[in-house]
>>> print(open('coords_21.pdb').read())   # PDB, C-alpha atoms, pLDDT in the B column
MODEL        1
ATOM      1  CA  MET A 170      -2.316   5.064  22.485  1.00 43.00           C
ATOM      2  CA  ALA A 171      -3.845   2.938  25.143  1.00 45.00           C
ATOM      3  CA  GLY A 172      -5.520  -0.151  23.791  1.00 47.00           C
ATOM      4  CA  PHE A 173      -3.496  -0.316  20.569  1.00 46.00           C
ATOM      5  CA  ASP A 174      -2.156  -3.827  20.133  1.00 47.00           C
ATOM      6  CA  GLN A 175       1.234  -3.827  18.380  1.00 46.00           C
ATOM      7  CA  THR A 176       1.128  -7.572  17.735  1.00 45.00           C
ATOM      8  CA  GLN A 177      -1.967  -6.941  15.665  1.00 45.00           C
ATOM      9  CA  THR A 178       0.065  -4.537  13.503  1.00 44.00           C
ATOM     10  CA  ARG A 179       2.785  -7.107  12.973  1.00 39.00           C
ATOM     11  CA  THR A 180       0.314  -9.691  11.716  1.00 41.00           C
ATOM     12  CA  VAL A 181      -1.304  -7.186   9.355  1.00 41.00           C
ATOM     13  CA  VAL A 182       2.017  -6.143   7.803  1.00 42.00           C
ATOM     14  CA  ASP A 183       3.506  -8.961   5.744  1.00 48.00           C
ATOM     15  CA  TRP A 184       6.407  -7.792   3.612  1.00 47.00           C
ATOM     16  CA  GLY A 185       6.937 -11.186   1.938  1.00 60.00           C
ATOM     17  CA  THR A 186       6.535 -11.771  -1.779  1.00 74.00           C
ATOM     18  CA  THR A 187       3.049 -12.961  -2.589  1.00 85.00           C
ATOM     19  CA  PRO A 188       2.231 -15.592  -5.216  1.00 89.00           C
ATOM     20  CA  ARG A 189       0.458 -12.839  -7.180  1.00 91.00           C
ATOM     21  CA  ILE A 190       3.700 -10.851  -7.442  1.00 91.00           C
ATOM     22  CA  VAL A 191       5.615 -13.929  -8.584  1.00 91.00           C
ATOM     23  CA  ILE A 192       3.022 -14.859 -11.203  1.00 93.00           C
ATOM     24  CA  VAL A 193       2.612 -11.332 -12.570  1.00 94.00           C
ATOM     25  CA  SER A 194       6.356 -10.648 -12.715  1.00 94.00           C
ATOM     26  CA  MET A 195       7.045 -13.992 -14.419  1.00 95.00           C
ATOM     27  CA  THR A 196       4.252 -13.300 -16.919  1.00 95.00           C
ATOM     28  CA  VAL A 197       5.627  -9.834 -17.665  1.00 96.00           C
ATOM     29  CA  GLY A 198       9.112 -11.317 -18.098  1.00 95.00           C
ATOM     30  CA  LEU A 199       7.790 -14.024 -20.437  1.00 96.00           C
ATOM     31  CA  VAL A 200       5.820 -11.504 -22.490  1.00 96.00           C
ATOM     32  CA  SER A 201       8.931  -9.316 -22.683  1.00 95.00           C
ATOM     33  CA  PHE A 202      10.970 -12.276 -23.926  1.00 94.00           C
ATOM     34  CA  VAL A 203       8.380 -13.289 -26.555  1.00 95.00           C
ATOM     35  CA  VAL A 204       7.884  -9.738 -27.839  1.00 94.00           C
ATOM     36  CA  THR A 205      11.635  -9.137 -28.087  1.00 91.00           C
ATOM     37  CA  GLU A 206      12.169 -12.443 -29.897  1.00 89.00           C
ATOM     38  CA  LEU A 207       9.342 -11.710 -32.337  1.00 90.00           C
ATOM     39  CA  MET A 208      10.742  -8.250 -33.029  1.00 89.00           C
ATOM     40  CA  HIS A 209      14.174  -9.698 -33.723  1.00 84.00           C
ATOM     41  CA  ARG A 210      12.780 -12.401 -36.022  1.00 84.00           C
ATOM     42  CA  VAL A 211      10.669  -9.908 -37.987  1.00 86.00           C
ATOM     43  CA  LEU A 212      12.942  -6.871 -38.062  1.00 84.00           C
ATOM     44  CA  VAL A 213      16.496  -8.258 -37.999  1.00 81.00           C
ATOM     45  CA  PRO A 214      16.454 -12.037 -38.444  1.00 76.00           C
ATOM     46  CA  ASP A 215      20.196 -12.243 -39.220  1.00 80.00           C
ATOM     47  CA  LEU A 216      21.317 -10.411 -36.059  1.00 75.00           C
ATOM     48  CA  GLY A 217      24.035 -12.557 -34.464  1.00 74.00           C
ATOM     49  CA  ARG A 218      23.891 -16.182 -33.458  1.00 84.00           C
ATOM     50  CA  HIS A 219      20.536 -17.519 -32.418  1.00 82.00           C
ATOM     51  CA  TRP A 220      21.644 -18.821 -29.003  1.00 86.00           C
ATOM     52  CA  GLU A 221      23.407 -15.543 -28.151  1.00 86.00           C
ATOM     53  CA  ARG A 222      20.271 -13.591 -29.033  1.00 85.00           C
ATOM     54  CA  LEU A 223      18.134 -15.934 -26.909  1.00 89.00           C
ATOM     55  CA  LEU A 224      20.569 -15.556 -24.013  1.00 91.00           C
ATOM     56  CA  ALA A 225      20.470 -11.747 -24.250  1.00 89.00           C
ATOM     57  CA  GLU A 226      16.665 -11.759 -24.455  1.00 92.00           C
ATOM     58  CA  SER A 227      16.456 -14.124 -21.498  1.00 94.00           C
ATOM     59  CA  VAL A 228      18.670 -11.896 -19.383  1.00 95.00           C
ATOM     60  CA  SER A 229      16.621  -8.823 -20.288  1.00 94.00           C
ATOM     61  CA  ALA A 230      13.387 -10.723 -19.524  1.00 95.00           C
ATOM     62  CA  VAL A 231      14.752 -11.683 -16.087  1.00 95.00           C
ATOM     63  CA  VAL A 232      15.667  -8.032 -15.435  1.00 96.00           C
ATOM     64  CA  VAL A 233      12.189  -6.886 -16.501  1.00 96.00           C
ATOM     65  CA  ALA A 234      10.583  -9.540 -14.286  1.00 95.00           C
ATOM     66  CA  GLY A 235      12.752  -8.491 -11.342  1.00 94.00           C
ATOM     67  CA  LEU A 236      11.894  -4.829 -11.810  1.00 95.00           C
ATOM     68  CA  THR A 237       8.202  -5.681 -12.049  1.00 95.00           C
ATOM     69  CA  ALA A 238       8.387  -7.712  -8.846  1.00 94.00           C
ATOM     70  CA  GLY A 239      10.234  -4.886  -7.103  1.00 93.00           C
ATOM     71  CA  PHE A 240       7.702  -2.261  -8.155  1.00 95.00           C
ATOM     72  CA  MET A 241       4.797  -4.477  -7.124  1.00 94.00           C
ATOM     73  CA  GLU A 242       6.457  -5.186  -3.767  1.00 93.00           C
ATOM     74  CA  VAL A 243       6.878  -1.460  -3.094  1.00 94.00           C
ATOM     75  CA  ALA A 244       3.240  -0.857  -4.051  1.00 93.00           C
ATOM     76  CA  ASN A 245       2.119  -3.621  -1.675  1.00 91.00           C
ATOM     77  CA  GLN A 246       4.255  -2.193   1.139  1.00 91.00           C
ATOM     78  CA  ARG A 247       2.727   1.244   0.665  1.00 95.00           C
ATOM     79  CA  GLN A 248      -0.774  -0.215   0.643  1.00 93.00           C
ATOM     80  CA  GLU A 249      -0.122  -2.216   3.811  1.00 92.00           C
ATOM     81  CA  ALA A 250       1.372   0.842   5.529  1.00 95.00           C
ATOM     82  CA  ALA A 251      -1.700   2.860   4.574  1.00 96.00           C
ATOM     83  CA  LEU A 252      -3.957   0.137   5.997  1.00 95.00           C
ATOM     84  CA  VAL A 253      -2.022   0.158   9.274  1.00 95.00           C
ATOM     85  CA  ARG A 254      -2.269   3.960   9.450  1.00 95.00           C
ATOM     86  CA  MET A 255      -6.012   3.772   8.803  1.00 94.00           C
ATOM     87  CA  GLN A 256      -6.369   1.193  11.573  1.00 93.00           C
ATOM     88  CA  VAL A 257      -4.588   3.493  14.030  1.00 93.00           C
ATOM     89  CA  ILE A 258      -6.699   6.456  12.919  1.00 91.00           C
ATOM     90  CA  ARG A 259      -9.889   4.418  13.319  1.00 89.00           C
ATOM     91  CA  GLU A 260      -8.920   3.417  16.853  1.00 89.00           C
ATOM     92  CA  MET A 261      -7.882   6.947  17.818  1.00 88.00           C
ATOM     93  CA  ASN A 262     -11.124   8.280  16.339  1.00 86.00           C
ATOM     94  CA  HIS A 263     -13.040   5.922  18.617  1.00 83.00           C
ATOM     95  CA  HIS A 264     -11.188   7.219  21.688  1.00 84.00           C
ATOM     96  CA  ILE A 265     -11.676  10.841  20.673  1.00 86.00           C
ATOM     97  CA  ARG A 266     -15.414  10.374  20.135  1.00 83.00           C
ATOM     98  CA  ASN A 267     -15.750   8.757  23.565  1.00 83.00           C
ATOM     99  CA  ALA A 268     -13.937  11.700  25.160  1.00 81.00           C
ATOM    100  CA  LEU A 269     -16.074  14.194  23.247  1.00 80.00           C
ATOM    101  CA  ALA A 270     -19.238  12.475  24.423  1.00 80.00           C
ATOM    102  CA  ALA A 271     -18.099  12.866  28.028  1.00 79.00           C
ATOM    103  CA  ILE A 272     -17.224  16.533  27.450  1.00 79.00           C
ATOM    104  CA  SER A 273     -20.597  17.185  25.832  1.00 76.00           C
ATOM    105  CA  LEU A 274     -22.438  15.611  28.752  1.00 77.00           C
ATOM    106  CA  THR A 275     -20.621  17.836  31.259  1.00 76.00           C
ATOM    107  CA  THR A 276     -22.072  20.952  29.642  1.00 74.00           C
ATOM    108  CA  ASP A 277     -25.426  20.128  31.239  1.00 73.00           C
ATOM    109  CA  SER A 278     -24.015  20.915  34.685  1.00 75.00           C
ATOM    110  CA  ILE A 279     -22.416  24.237  33.644  1.00 75.00           C
ATOM    111  CA  GLN A 280     -24.479  27.322  34.417  1.00 75.00           C
ATOM    112  CA  ASN A 281     -22.538  29.750  32.207  1.00 76.00           C
ATOM    113  CA  GLN A 282     -24.233  29.655  28.800  1.00 81.00           C
ATOM    114  CA  GLN A 283     -21.247  31.254  27.078  1.00 80.00           C
ATOM    115  CA  CYS A 284     -19.006  28.399  28.273  1.00 77.00           C
ATOM    116  CA  VAL A 285     -21.603  25.866  27.141  1.00 78.00           C
ATOM    117  CA  ARG A 286     -21.735  27.458  23.680  1.00 81.00           C
ATOM    118  CA  ILE A 287     -17.925  27.540  23.372  1.00 82.00           C
ATOM    119  CA  ILE A 288     -17.616  23.890  24.428  1.00 81.00           C
ATOM    120  CA  SER A 289     -20.421  22.809  22.072  1.00 81.00           C
ATOM    121  CA  ASP A 290     -18.878  24.727  19.155  1.00 82.00           C
ATOM    122  CA  SER A 291     -15.473  23.181  19.883  1.00 80.00           C
ATOM    123  CA  VAL A 292     -16.934  19.666  20.061  1.00 79.00           C
ATOM    124  CA  ASP A 293     -18.756  20.240  16.759  1.00 80.00           C
ATOM    125  CA  ARG A 294     -15.520  21.387  15.066  1.00 79.00           C
ATOM    126  CA  ILE A 295     -13.639  18.319  16.275  1.00 77.00           C
ATOM    127  CA  GLU A 296     -16.380  15.987  15.082  1.00 73.00           C
TER     128      GLU A 296
ENDMDL
END
>>> encode(input="coords_21.pdb", output="structure tokens")
Amino acid sequence: MAGFDQTQTRTVVDWGTTPRIVIVSMTVGLVSFVVTELMHRVLVPDLGRHWERLLAESVSAVVVAGLTAGFMEVANQRQEAALVRMQVIREMNHHIRNALAAISLTTDSIQNQQCVRIISDSVDRIE
């Protein structure tokens, strides 16, 4: 892989938590808390002490927010890995096309038409 710069890969891949992940996970956690509290108030208003219920709902909202952040982080990692793979493929494709161009040009000097046809067919398949 001549010409592939590994430092470029390291700058493309950033596994840190983005502000988007923090905001979305906190929003999901808050919505989870509000929905759970509304359900308790409407369906079972006399269920336990109010502060205990709020504590339990808060803990579950934090868990939901953490799970959301984790899932989003994994999705971002997969997307970044796919982008890095595509970058490598793009660079390798460039090298392959350059080599194929050189191979195609050498067919002009070959006298054997069967060899020329085989080389041309092979180049066409690769492209």
>>> residues_around(input="coords_21.pdb", residues="A:Glu296", least_positions_apart="3", cutoff="10 Å", atoms="only C-alpha atoms", output="ChimeraX atom specification")
/A:262,265-266,269,290-293
>>> resolve_selection(input="coords_21.pdb", expression="the PyMOL selection byres ((chain A and resi 199) around 12)", output="PyMOL selection string")
chain A and resi 192-198+200-206+226-235+237
>>> write_last_selection(input="coords_21.pdb", atoms="C-alpha atoms", output="mmCIF file, in the coordinates of the input")
data_model
loop_
_atom_site.group_PDB
_atom_site.id
_atom_site.type_symbol
_atom_site.label_atom_id
_atom_site.label_comp_id
_atom_site.auth_asym_id
_atom_site.auth_seq_id
_atom_site.Cartn_x
_atom_site.Cartn_y
_atom_site.Cartn_z
ATOM 1 C CA ILE A 192 3.022 -14.859 -11.203
ATOM 2 C CA VAL A 193 2.612 -11.332 -12.570
ATOM 3 C CA SER A 194 6.356 -10.648 -12.715
ATOM 4 C CA MET A 195 7.045 -13.992 -14.419
ATOM 5 C CA THR A 196 4.252 -13.300 -16.919
ATOM 6 C CA VAL A 197 5.627 -9.834 -17.665
ATOM 7 C CA GLY A 198 9.112 -11.317 -18.098
ATOM 8 C CA VAL A 200 5.820 -11.504 -22.490
ATOM 9 C CA SER A 201 8.931 -9.316 -22.683
ATOM 10 C CA PHE A 202 10.970 -12.276 -23.926
ATOM 11 C CA VAL A 203 8.380 -13.289 -26.555
ATOM 12 C CA VAL A 204 7.884 -9.738 -27.839
ATOM 13 C CA THR A 205 11.635 -9.137 -28.087
ATOM 14 C CA GLU A 206 12.169 -12.443 -29.897
ATOM 15 C CA GLU A 226 16.665 -11.759 -24.455
ATOM 16 C CA SER A 227 16.456 -14.124 -21.498
ATOM 17 C CA VAL A 228 18.670 -11.896 -19.383
ATOM 18 C CA SER A 229 16.621 -8.823 -20.288
ATOM 19 C CA ALA A 230 13.387 -10.723 -19.524
ATOM 20 C CA VAL A 231 14.752 -11.683 -16.087
ATOM 21 C CA VAL A 232 15.667 -8.032 -15.435
ATOM 22 C CA VAL A 233 12.189 -6.886 -16.501
ATOM 23 C CA ALA A 234 10.583 -9.540 -14.286
ATOM 24 C CA GLY A 235 12.752 -8.491 -11.342
ATOM 25 C CA THR A 237 8.202 -5.681 -12.049
#
>>> atom_distance(input="coords_21.pdb", atom1="atom CA of A:Ser289", atom2="atom CA of A:Leu274")
10.0 Å
>>> atom_distance(input="coords_21.pdb", atom1="atom CA of A:Thr187", atom2="atom CA of A:Leu236")
15.1 Å
>>> atom_distance(input="coords_21.pdb", atom1="atom CA of A:Thr186", atom2="atom CA of A:Ala244")
11.6 Å
>>> axis_aligned_box(input="coords_21.pdb", around="stretch 217-229 of chain A", padding_each_side="3 Å", output="JSON")
{"center_x": 20.2, "center_y": -13.8, "center_z": -26.9, "size_x": 13.6, "size_y": 16.0, "size_z": 21.1}
>>> closest_atom_pairs(input="coords_21.pdb", of="stretch 220-242 of chain A", to="stretch 213-216 of chain A", cutoff="12 Å", atoms="only C-alpha atoms", output="CSV")
residue,atom,partner,partner_atom,distance
A:Trp220,CA,A:Leu216,CA,11.0
A:Glu221,CA,A:Leu216,CA,9.7
A:Arg222,CA,A:Leu216,CA,7.8
A:Leu223,CA,A:Leu216,CA,11.2
A:Ala225,CA,A:Leu216,CA,11.9
>>> build_atoms(input="coords_21.pdb", residues="stretch 191-202 of chain A", atoms="all heavy atoms", output="short mmCIF file (atom, residue, chain, number, x, y, z; two decimals), in the coordinates of the input")
data_model
loop_
_atom_site.label_atom_id
_atom_site.label_comp_id
_atom_site.auth_asym_id
_atom_site.auth_seq_id
_atom_site.Cartn_x
_atom_site.Cartn_y
_atom_site.Cartn_z
N VAL A 191 4.78 -12.98 -7.84
CA VAL A 191 5.62 -13.93 -8.58
C VAL A 191 5.00 -14.24 -9.94
O VAL A 191 5.67 -14.18 -10.98
CB VAL A 191 5.82 -15.23 -7.77
CG1 VAL A 191 6.53 -16.28 -8.60
CG2 VAL A 191 6.60 -14.94 -6.50
N ILE A 192 3.70 -14.50 -9.95
CA ILE A 192 3.02 -14.86 -11.20
C ILE A 192 3.02 -13.69 -12.18
O ILE A 192 3.35 -13.85 -13.36
CB ILE A 192 1.58 -15.35 -10.91
CG1 ILE A 192 1.64 -16.69 -10.20
CG2 ILE A 192 0.77 -15.45 -12.20
CD1 ILE A 192 0.31 -17.16 -9.65
N VAL A 193 2.67 -12.50 -11.69
CA VAL A 193 2.61 -11.33 -12.57
C VAL A 193 4.00 -10.99 -13.10
O VAL A 193 4.16 -10.73 -14.31
CB VAL A 193 1.98 -10.12 -11.84
CG1 VAL A 193 2.15 -8.85 -12.64
CG2 VAL A 193 0.51 -10.38 -11.56
N SER A 194 5.01 -11.00 -12.24
CA SER A 194 6.36 -10.65 -12.72
C SER A 194 6.89 -11.69 -13.70
O SER A 194 7.53 -11.33 -14.69
CB SER A 194 7.31 -10.47 -11.55
OG SER A 194 7.47 -11.66 -10.83
N MET A 195 6.61 -12.96 -13.48
CA MET A 195 7.04 -13.99 -14.42
C MET A 195 6.31 -13.84 -15.75
O MET A 195 6.91 -14.02 -16.82
CB MET A 195 6.83 -15.39 -13.83
CG MET A 195 7.81 -15.70 -12.72
SD MET A 195 7.54 -17.33 -11.98
CE MET A 195 8.02 -18.40 -13.31
N THR A 196 5.03 -13.51 -15.69
CA THR A 196 4.25 -13.30 -16.92
C THR A 196 4.79 -12.11 -17.70
O THR A 196 4.95 -12.18 -18.92
CB THR A 196 2.76 -13.10 -16.57
OG1 THR A 196 2.29 -14.24 -15.85
CG2 THR A 196 1.93 -12.91 -17.83
N VAL A 197 5.07 -11.02 -16.99
CA VAL A 197 5.63 -9.83 -17.66
C VAL A 197 6.98 -10.17 -18.28
O VAL A 197 7.28 -9.77 -19.41
CB VAL A 197 5.72 -8.65 -16.68
CG1 VAL A 197 6.55 -7.51 -17.26
CG2 VAL A 197 4.34 -8.16 -16.30
N GLY A 198 7.82 -10.91 -17.56
CA GLY A 198 9.11 -11.32 -18.10
C GLY A 198 8.96 -12.19 -19.33
O GLY A 198 9.69 -12.02 -20.33
N LEU A 199 8.03 -13.13 -19.29
CA LEU A 199 7.79 -14.02 -20.44
C LEU A 199 7.28 -13.24 -21.64
O LEU A 199 7.74 -13.45 -22.77
CB LEU A 199 6.80 -15.13 -20.06
CG LEU A 199 6.47 -16.15 -21.14
CD1 LEU A 199 7.73 -16.92 -21.53
CD2 LEU A 199 5.39 -17.09 -20.67
N VAL A 200 6.34 -12.33 -21.40
CA VAL A 200 5.82 -11.50 -22.49
C VAL A 200 6.94 -10.65 -23.06
O VAL A 200 7.06 -10.50 -24.29
CB VAL A 200 4.63 -10.64 -22.00
CG1 VAL A 200 4.28 -9.57 -23.01
CG2 VAL A 200 3.43 -11.52 -21.71
N SER A 201 7.79 -10.11 -22.22
CA SER A 201 8.93 -9.32 -22.68
C SER A 201 9.84 -10.16 -23.57
O SER A 201 10.28 -9.71 -24.63
CB SER A 201 9.70 -8.78 -21.48
OG SER A 201 10.92 -8.23 -21.87
N PHE A 202 10.12 -11.38 -23.14
CA PHE A 202 10.97 -12.28 -23.93
C PHE A 202 10.35 -12.57 -25.29
O PHE A 202 11.01 -12.48 -26.33
CB PHE A 202 11.20 -13.58 -23.16
CG PHE A 202 11.97 -14.61 -23.94
CD1 PHE A 202 13.34 -14.54 -24.02
CD2 PHE A 202 11.30 -15.64 -24.59
CE1 PHE A 202 14.05 -15.49 -24.75
CE2 PHE A 202 12.00 -16.58 -25.31
CZ PHE A 202 13.38 -16.51 -25.40
#
